[in-house]
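Structure file data01.txt; described as compact mmCIF, C-alpha atoms and all ligand atoms.
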# COMPACT_ATOMS: atom_id res chain seq x y z
CA ASP A 1 143.43 68.73 -70.80
CA VAL A 2 140.13 69.76 -72.36
CA LEU A 3 142.16 72.41 -74.15
CA VAL A 4 144.34 69.92 -75.97
CA GLN A 5 141.65 67.48 -77.06
CA ASP A 6 141.15 67.24 -80.81
CA ASP A 7 137.40 67.46 -80.93
CA PRO A 8 136.41 70.40 -83.08
CA LEU A 9 132.76 71.26 -82.99
CA PRO A 10 131.26 72.37 -86.29
CA TRP A 11 132.27 75.94 -86.79
CA SER A 12 129.56 78.25 -87.94
CA GLN A 13 130.28 81.72 -86.71
CA HIS A 14 132.64 84.39 -87.92
CA ARG A 15 132.56 84.52 -91.64
CA PRO A 16 135.40 86.34 -93.37
CA ALA A 17 135.27 90.08 -92.90
CA PRO A 18 133.94 92.06 -95.85
CA ALA A 19 136.61 93.80 -97.90
CA ALA A 20 137.63 97.14 -96.42
CA PRO A 21 136.05 100.08 -98.23
CA LYS A 22 138.29 101.49 -100.92
CA PRO A 23 139.75 104.89 -100.14
CA ASN A 24 137.70 107.59 -101.76
CA THR A 25 139.65 108.58 -104.82
CA GLN A 26 136.84 110.67 -106.29
CA ALA A 27 137.61 114.20 -107.29
CA THR A 28 136.50 116.87 -104.86
CA GLY A 29 135.24 120.30 -105.78
CA PRO A 30 132.00 121.83 -106.98
CA ASN A 31 131.45 119.29 -109.79
CA ALA A 32 132.36 116.17 -107.85
CA SER A 33 129.51 113.71 -107.35
CA PRO A 34 128.44 113.28 -103.74
CA VAL A 35 129.83 110.27 -101.89
CA THR A 36 126.95 107.83 -101.50
CA SER A 37 126.48 106.21 -98.16
CA THR A 38 126.56 102.43 -97.69
CA PRO A 39 124.07 100.52 -95.51
CA SER A 40 126.67 100.18 -92.73
CA THR A 41 127.23 103.92 -92.42
CA PRO A 42 126.20 104.94 -88.91
CA PRO A 43 123.34 107.43 -88.57
CA LEU A 44 125.85 109.93 -87.19
CA GLY A 45 129.27 110.44 -88.74
CA THR A 46 131.89 108.35 -86.97
CA ALA A 47 133.54 111.37 -85.33
CA GLU A 48 130.20 112.67 -84.02
CA ALA A 49 129.21 109.21 -82.79
CA VAL A 50 132.55 108.85 -80.97
CA VAL A 51 131.93 112.18 -79.21
CA ALA A 52 128.40 111.05 -78.26
CA ALA A 53 129.76 107.71 -76.99
CA GLN A 54 132.46 109.45 -74.94
CA ALA A 55 129.89 111.75 -73.33
CA LEU A 56 127.60 108.83 -72.49
CA ALA A 57 130.47 106.79 -71.08
CA ALA A 58 131.73 109.71 -68.98
CA LYS A 59 128.26 110.19 -67.42
CA ALA A 60 127.87 106.59 -66.21
CA SER A 61 128.92 106.13 -62.60
CA SER A 62 127.87 102.49 -62.28
CA LEU A 63 127.53 99.45 -64.53
CA ASP A 64 123.74 99.83 -64.38
CA GLU A 65 124.00 103.43 -65.57
CA LEU A 66 126.36 102.36 -68.36
CA ARG A 67 123.92 99.66 -69.46
CA THR A 68 121.03 102.14 -69.42
CA GLY A 69 123.15 104.63 -71.35
CA LEU A 70 124.03 102.03 -73.99
CA ALA A 71 120.36 101.05 -74.29
CA SER A 72 119.60 104.66 -75.26
CA PHE A 73 122.50 105.02 -77.73
CA ASP A 74 121.53 105.39 -81.39
CA GLY A 75 124.80 106.45 -82.97
CA LEU A 76 125.35 103.15 -84.79
CA SER A 77 123.29 101.44 -87.50
CA ILE A 78 123.85 98.02 -85.87
CA VAL A 79 121.85 99.26 -82.86
CA LYS A 80 118.80 99.27 -85.14
CA THR A 81 119.41 95.91 -86.82
CA ALA A 82 120.21 94.08 -83.56
CA GLN A 83 117.41 92.46 -81.54
CA ASN A 84 119.05 93.11 -78.18
CA LEU A 85 121.83 95.00 -76.48
CA VAL A 86 124.39 92.39 -75.37
CA PHE A 87 125.93 94.05 -72.33
CA SER A 88 127.53 91.37 -70.16
CA ASP A 89 127.23 88.08 -68.34
CA GLY A 90 128.83 86.60 -65.26
CA ASN A 91 129.99 88.28 -62.07
CA PRO A 92 130.76 92.03 -62.31
CA SER A 93 132.90 91.79 -59.15
CA ALA A 94 135.16 89.11 -60.63
CA ASP A 95 138.94 89.51 -60.85
CA LEU A 96 138.83 88.10 -64.39
CA MET A 97 137.10 89.85 -67.29
CA ILE A 98 136.85 88.17 -70.71
CA ILE A 99 136.26 90.47 -73.69
CA GLY A 100 135.19 89.12 -77.09
CA GLU A 101 134.58 90.80 -80.41
CA ALA A 102 130.83 91.19 -80.92
CA PRO A 103 127.66 89.14 -80.36
CA GLY A 104 126.60 86.51 -82.88
CA ARG A 105 123.06 85.34 -83.65
CA GLU A 106 122.43 83.40 -80.46
CA GLU A 107 123.92 86.13 -78.29
CA ASP A 108 121.70 88.69 -80.04
CA GLU A 109 118.60 86.52 -79.43
CA LYS A 110 119.36 86.02 -75.74
CA GLY A 111 120.95 89.40 -75.00
CA LEU A 112 123.94 87.61 -73.41
CA PRO A 113 127.55 87.29 -74.60
CA PHE A 114 129.18 83.99 -75.54
CA VAL A 115 126.16 81.68 -75.34
CA GLY A 116 126.59 79.96 -78.75
CA GLN A 117 129.24 77.40 -79.73
CA SER A 118 132.12 79.80 -79.10
CA GLY A 119 130.66 80.45 -75.67
CA GLN A 120 130.47 76.76 -74.86
CA LEU A 121 134.16 76.40 -75.69
CA LEU A 122 134.91 79.54 -73.65
CA ASP A 123 133.14 77.92 -70.67
CA ARG A 124 135.37 74.84 -71.04
CA ILE A 125 138.49 77.01 -71.24
CA LEU A 126 137.42 78.78 -68.04
CA ALA A 127 136.64 75.45 -66.37
CA ALA A 128 140.18 74.30 -67.18
CA ILE A 129 141.48 76.98 -64.78
CA GLY A 130 138.75 76.37 -62.21
CA HIS A 131 136.61 79.28 -63.36
CA SER A 132 132.99 79.66 -64.39
CA ARG A 133 130.60 82.55 -65.00
CA ASP A 134 130.21 82.78 -61.22
CA ASN A 135 133.72 84.17 -60.86
CA THR A 136 134.27 85.64 -64.32
CA TYR A 137 132.81 88.74 -65.99
CA ILE A 138 132.19 88.64 -69.75
CA SER A 139 131.54 91.31 -72.35
CA ASN A 140 132.49 92.27 -75.92
CA ILE A 141 134.18 95.21 -77.64
CA VAL A 142 130.94 95.81 -79.58
CA ASN A 143 127.66 95.33 -77.71
CA TRP A 144 125.34 94.85 -80.72
CA ARG A 145 125.39 92.12 -83.33
CA PRO A 146 126.79 93.16 -86.71
CA PRO A 147 124.30 91.76 -89.28
CA GLY A 148 125.20 88.36 -90.72
CA ASN A 149 127.97 87.90 -88.13
CA ARG A 150 130.35 90.07 -90.12
CA LYS A 151 133.27 91.48 -88.17
CA PRO A 152 132.64 94.91 -86.68
CA THR A 153 134.04 97.66 -88.89
CA PRO A 154 136.91 99.90 -87.71
CA GLY A 155 134.36 102.73 -87.34
CA GLU A 156 132.06 100.62 -85.17
CA ILE A 157 135.01 99.63 -82.99
CA GLU A 158 136.11 103.25 -82.64
CA ILE A 159 132.60 104.28 -81.61
CA CYS A 160 132.31 101.43 -79.07
CA ARG A 161 135.80 101.88 -77.56
CA PRO A 162 134.68 104.53 -75.02
CA PHE A 163 131.94 102.13 -73.86
CA ILE A 164 134.21 99.14 -73.27
CA ALA A 165 136.87 101.36 -71.66
CA LYS A 166 134.31 102.69 -69.16
CA HIS A 167 132.90 99.19 -68.73
CA ILE A 168 136.39 97.95 -67.74
CA ALA A 169 136.98 100.98 -65.49
CA LEU A 170 133.71 100.37 -63.62
CA ALA A 171 134.12 96.59 -63.32
CA ALA A 172 137.77 97.09 -62.30
CA PRO A 173 138.90 93.48 -62.73
CA LYS A 174 142.47 92.43 -61.94
CA ILE A 175 143.00 90.98 -65.43
CA ILE A 176 141.33 91.44 -68.81
CA VAL A 177 141.63 88.79 -71.52
CA LEU A 178 140.96 89.83 -75.11
CA MET A 179 139.67 86.92 -77.16
CA GLY A 180 140.90 87.09 -80.76
CA ASP A 181 142.67 89.60 -82.95
CA THR A 182 139.76 92.04 -83.30
CA ALA A 183 139.45 92.47 -79.53
CA GLY A 184 143.24 92.47 -79.10
CA LYS A 185 143.79 95.20 -81.69
CA ALA A 186 140.85 97.22 -80.33
CA LEU A 187 142.48 97.73 -76.92
CA LEU A 188 146.19 96.90 -77.11
CA PRO A 189 148.97 98.87 -78.82
CA VAL A 190 149.84 95.93 -81.08
CA THR A 191 150.69 95.96 -84.76
CA THR A 192 151.62 92.31 -85.46
CA GLY A 193 149.19 89.40 -85.82
CA ILE A 194 147.65 87.63 -82.84
CA THR A 195 149.80 84.52 -83.38
CA LYS A 196 152.74 86.79 -82.39
CA TYR A 197 151.28 88.92 -79.60
CA ARG A 198 149.01 86.39 -77.82
CA GLY A 199 150.31 85.63 -74.34
CA GLN A 200 152.17 88.96 -74.09
CA TRP A 201 151.16 91.10 -71.13
CA HIS A 202 150.30 94.78 -71.28
CA ASP A 203 149.13 97.38 -68.79
CA TYR A 204 145.79 98.61 -70.10
CA ASP A 205 144.76 102.11 -69.05
CA PRO A 206 140.96 102.40 -69.15
CA GLY A 207 141.10 106.17 -68.42
CA HIS A 208 138.53 107.86 -66.17
CA GLY A 209 141.19 107.95 -63.43
CA ALA A 210 141.03 104.18 -62.99
CA ALA A 211 144.14 102.11 -62.25
CA THR A 212 145.82 100.24 -65.10
CA ILE A 213 144.82 96.62 -65.54
CA GLN A 214 146.91 93.63 -66.63
CA ALA A 215 145.80 92.67 -70.14
CA VAL A 216 146.58 89.77 -72.44
CA ALA A 217 145.15 88.48 -75.71
CA SER A 218 144.55 84.86 -76.61
CA PHE A 219 142.98 83.07 -79.56
CA HIS A 220 139.24 83.43 -80.10
CA PRO A 221 137.24 80.26 -79.35
CA ALA A 222 135.73 80.43 -82.86
CA PHE A 223 139.28 80.18 -84.23
CA LEU A 224 139.97 77.20 -81.95
CA LEU A 225 136.88 75.45 -83.29
CA ARG A 226 138.46 75.69 -86.76
CA SER A 227 142.05 75.09 -85.61
CA PRO A 228 141.93 72.84 -82.55
CA ALA A 229 145.71 72.34 -82.60
CA ARG A 230 146.02 75.96 -81.38
CA LYS A 231 144.29 75.08 -78.08
CA ARG A 232 147.73 74.32 -76.65
CA GLU A 233 148.72 77.99 -76.85
CA VAL A 234 145.45 79.06 -75.24
CA TRP A 235 146.10 76.57 -72.46
CA LEU A 236 149.53 78.18 -71.89
CA ASP A 237 147.92 81.64 -71.84
CA PHE A 238 145.27 80.57 -69.32
CA LEU A 239 147.88 78.95 -67.06
CA GLN A 240 149.59 82.35 -66.89
CA ILE A 241 146.25 84.02 -66.27
CA LYS A 242 145.53 81.59 -63.42
CA ALA A 243 148.98 82.19 -61.90
CA ARG A 244 148.53 85.97 -62.04
CA LEU A 245 145.04 85.74 -60.57
CA SER A 246 146.37 83.94 -57.52
CA SER A 247 149.49 86.05 -57.08
CA HIS A 248 149.43 88.80 -54.49
CA PRO A 249 151.18 92.15 -54.71
CA ALA A 250 154.56 92.24 -52.91
CA GLY A 251 154.12 92.75 -49.19
CA GLU A 252 150.51 91.57 -49.11
CA VAL A 253 149.84 88.73 -46.69
CA SER A 254 148.50 85.86 -48.76
CA ASP A 255 146.21 84.31 -46.18
N1 LIG B 301 131.95 85.77 -80.34
C1 LIG B 301 132.30 86.87 -79.64
O1 LIG B 301 133.34 87.46 -79.88
N2 LIG B 301 131.48 87.28 -78.68
C2 LIG B 301 130.34 86.66 -78.37
O2 LIG B 301 129.64 87.12 -77.47
C3 LIG B 301 130.00 85.51 -79.10
C4 LIG B 301 130.81 85.08 -80.07
N1 LIG B 302 142.56 85.30 -86.10
C1 LIG B 302 141.71 85.95 -85.30
O1 LIG B 302 141.08 86.92 -85.71
N2 LIG B 302 141.56 85.54 -84.04
C2 LIG B 302 142.24 84.49 -83.54
O2 LIG B 302 142.05 84.18 -82.39
C3 LIG B 302 143.13 83.83 -84.39
C4 LIG B 302 143.28 84.23 -85.66

Structure encoded using structure tokens:
Amino acid sequence: DVLVQDDPLPWSQHRPAPAAPKPNTQATGPNASPVTSTPSTPPLGTAEAVVAAQALAAKASSLDELRTGLASFDGLSIVKTAQNLVFSDGNPSADLMIIGEAPGREEDEKGLPFVGQSGQLLDRILAAIGHSRDNTYISNIVNWRPPGNRKPTPGEIEICRPFIAKHIALAAPKIIVLMGDTAGKALLPVTTGITKYRGQWHDYDPGHGAATIQAVASFHPAFLLRSPARKREVWLDFLQIKARLSSHPAGEVSD
């Protein structure tokens, strides 16, 4: 019932996303002025950085190697502004993997995901289904804090997608839960808003020859801190998650 209590904590993370860059309508040709770069432009072009990320992800044959690979990655400007790589927390052998959007200030300071207010609510959501960080693995789509807690840009998400895909393939949980619309849209083939697609199950293919994994999106804890009435839907989602975690494939002896 913790999920249906009306006790919002002050909400401080997740400011509105900056406006999307306007499409470049400048003339091209010999007399066109060069396109100036913005501070959030990655050091490499996005396409080059995606190729570099894919190569790094492909090379990692363990979670430790993936973490070391990420620590050496410099294809994103947020790598330079962040204090720490925020790789994961919890139990890498867990059946349940929670995936958020990107670290905030406290996560960046500690180098651990979901340790601020959103993380405290996430811990209570997990506790409601008898889970804790001892039997849950936790990461984010983007492993470095975007400055000022802005949302990661589409380019940053594209560059980080090979990392989280390999992260999922190596951890090989039974279920992944995407917290919020940014994480949901990053990995699921969805086009509606999260209020429509939350609670709907997908088979996520992490590639790298790994088996597909049951995947579902739910509301982000930061959203629940602002809109506590929506905890009811998250409770319904986590009841389904709990049921699927304890179900056994047909034919398997359950004790
Ligand atoms: N929000 C997220 O999406 N991830 C974190 O790690 C913290 C807050
Ligand atoms: N919008 C989001 O981005 N995430 C949610 O969880 C809900 C609304």

Quick one: what's the axis-aligned box for ligand LIG 302 (chain B), all listed atoms, 3 Å on every side, centre and edges in Å to one decimal, as JSON?
{"center_x": 142.2, "center_y": 85.4, "center_z": -84.2, "size_x": 8.2, "size_y": 9.1, "size_z": 9.7}

Range 112-121 of chain A: which residues within 7 Å, counting only C-alpha atoms, same-chain residues fewer than 6 positions away excluded, as a PyMOL selection string?
chain A and resi 86-89+103+106+138-139+221-222

Two-atom distance - CA of Ala57 in chain A, CA of Gly180 in chain A (Å):
24.3 Å

What is the distance between CA of Ala58 in chain A and CA of Lys166 in chain A, in Å to one decimal?
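Going from CA of Ala58 in chain A over to CA of Lys166 in chain A, I get 7.5 Å.
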
Atom pair CA of Glu109 in chain A / CA of Ser72 in chain A: separation (Å)
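One can read the CA of Glu109 in chain A to CA of Ser72 in chain A distance as 18.6 Å.
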
Using only C-alpha atoms, which residue out of A:Gly193, A:Pro173, A:Gly75, A:Gly184 lies closest to Glu101 in chain A?
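The answer is A:Gly184, which sits nearest to Glu101 in chain A.
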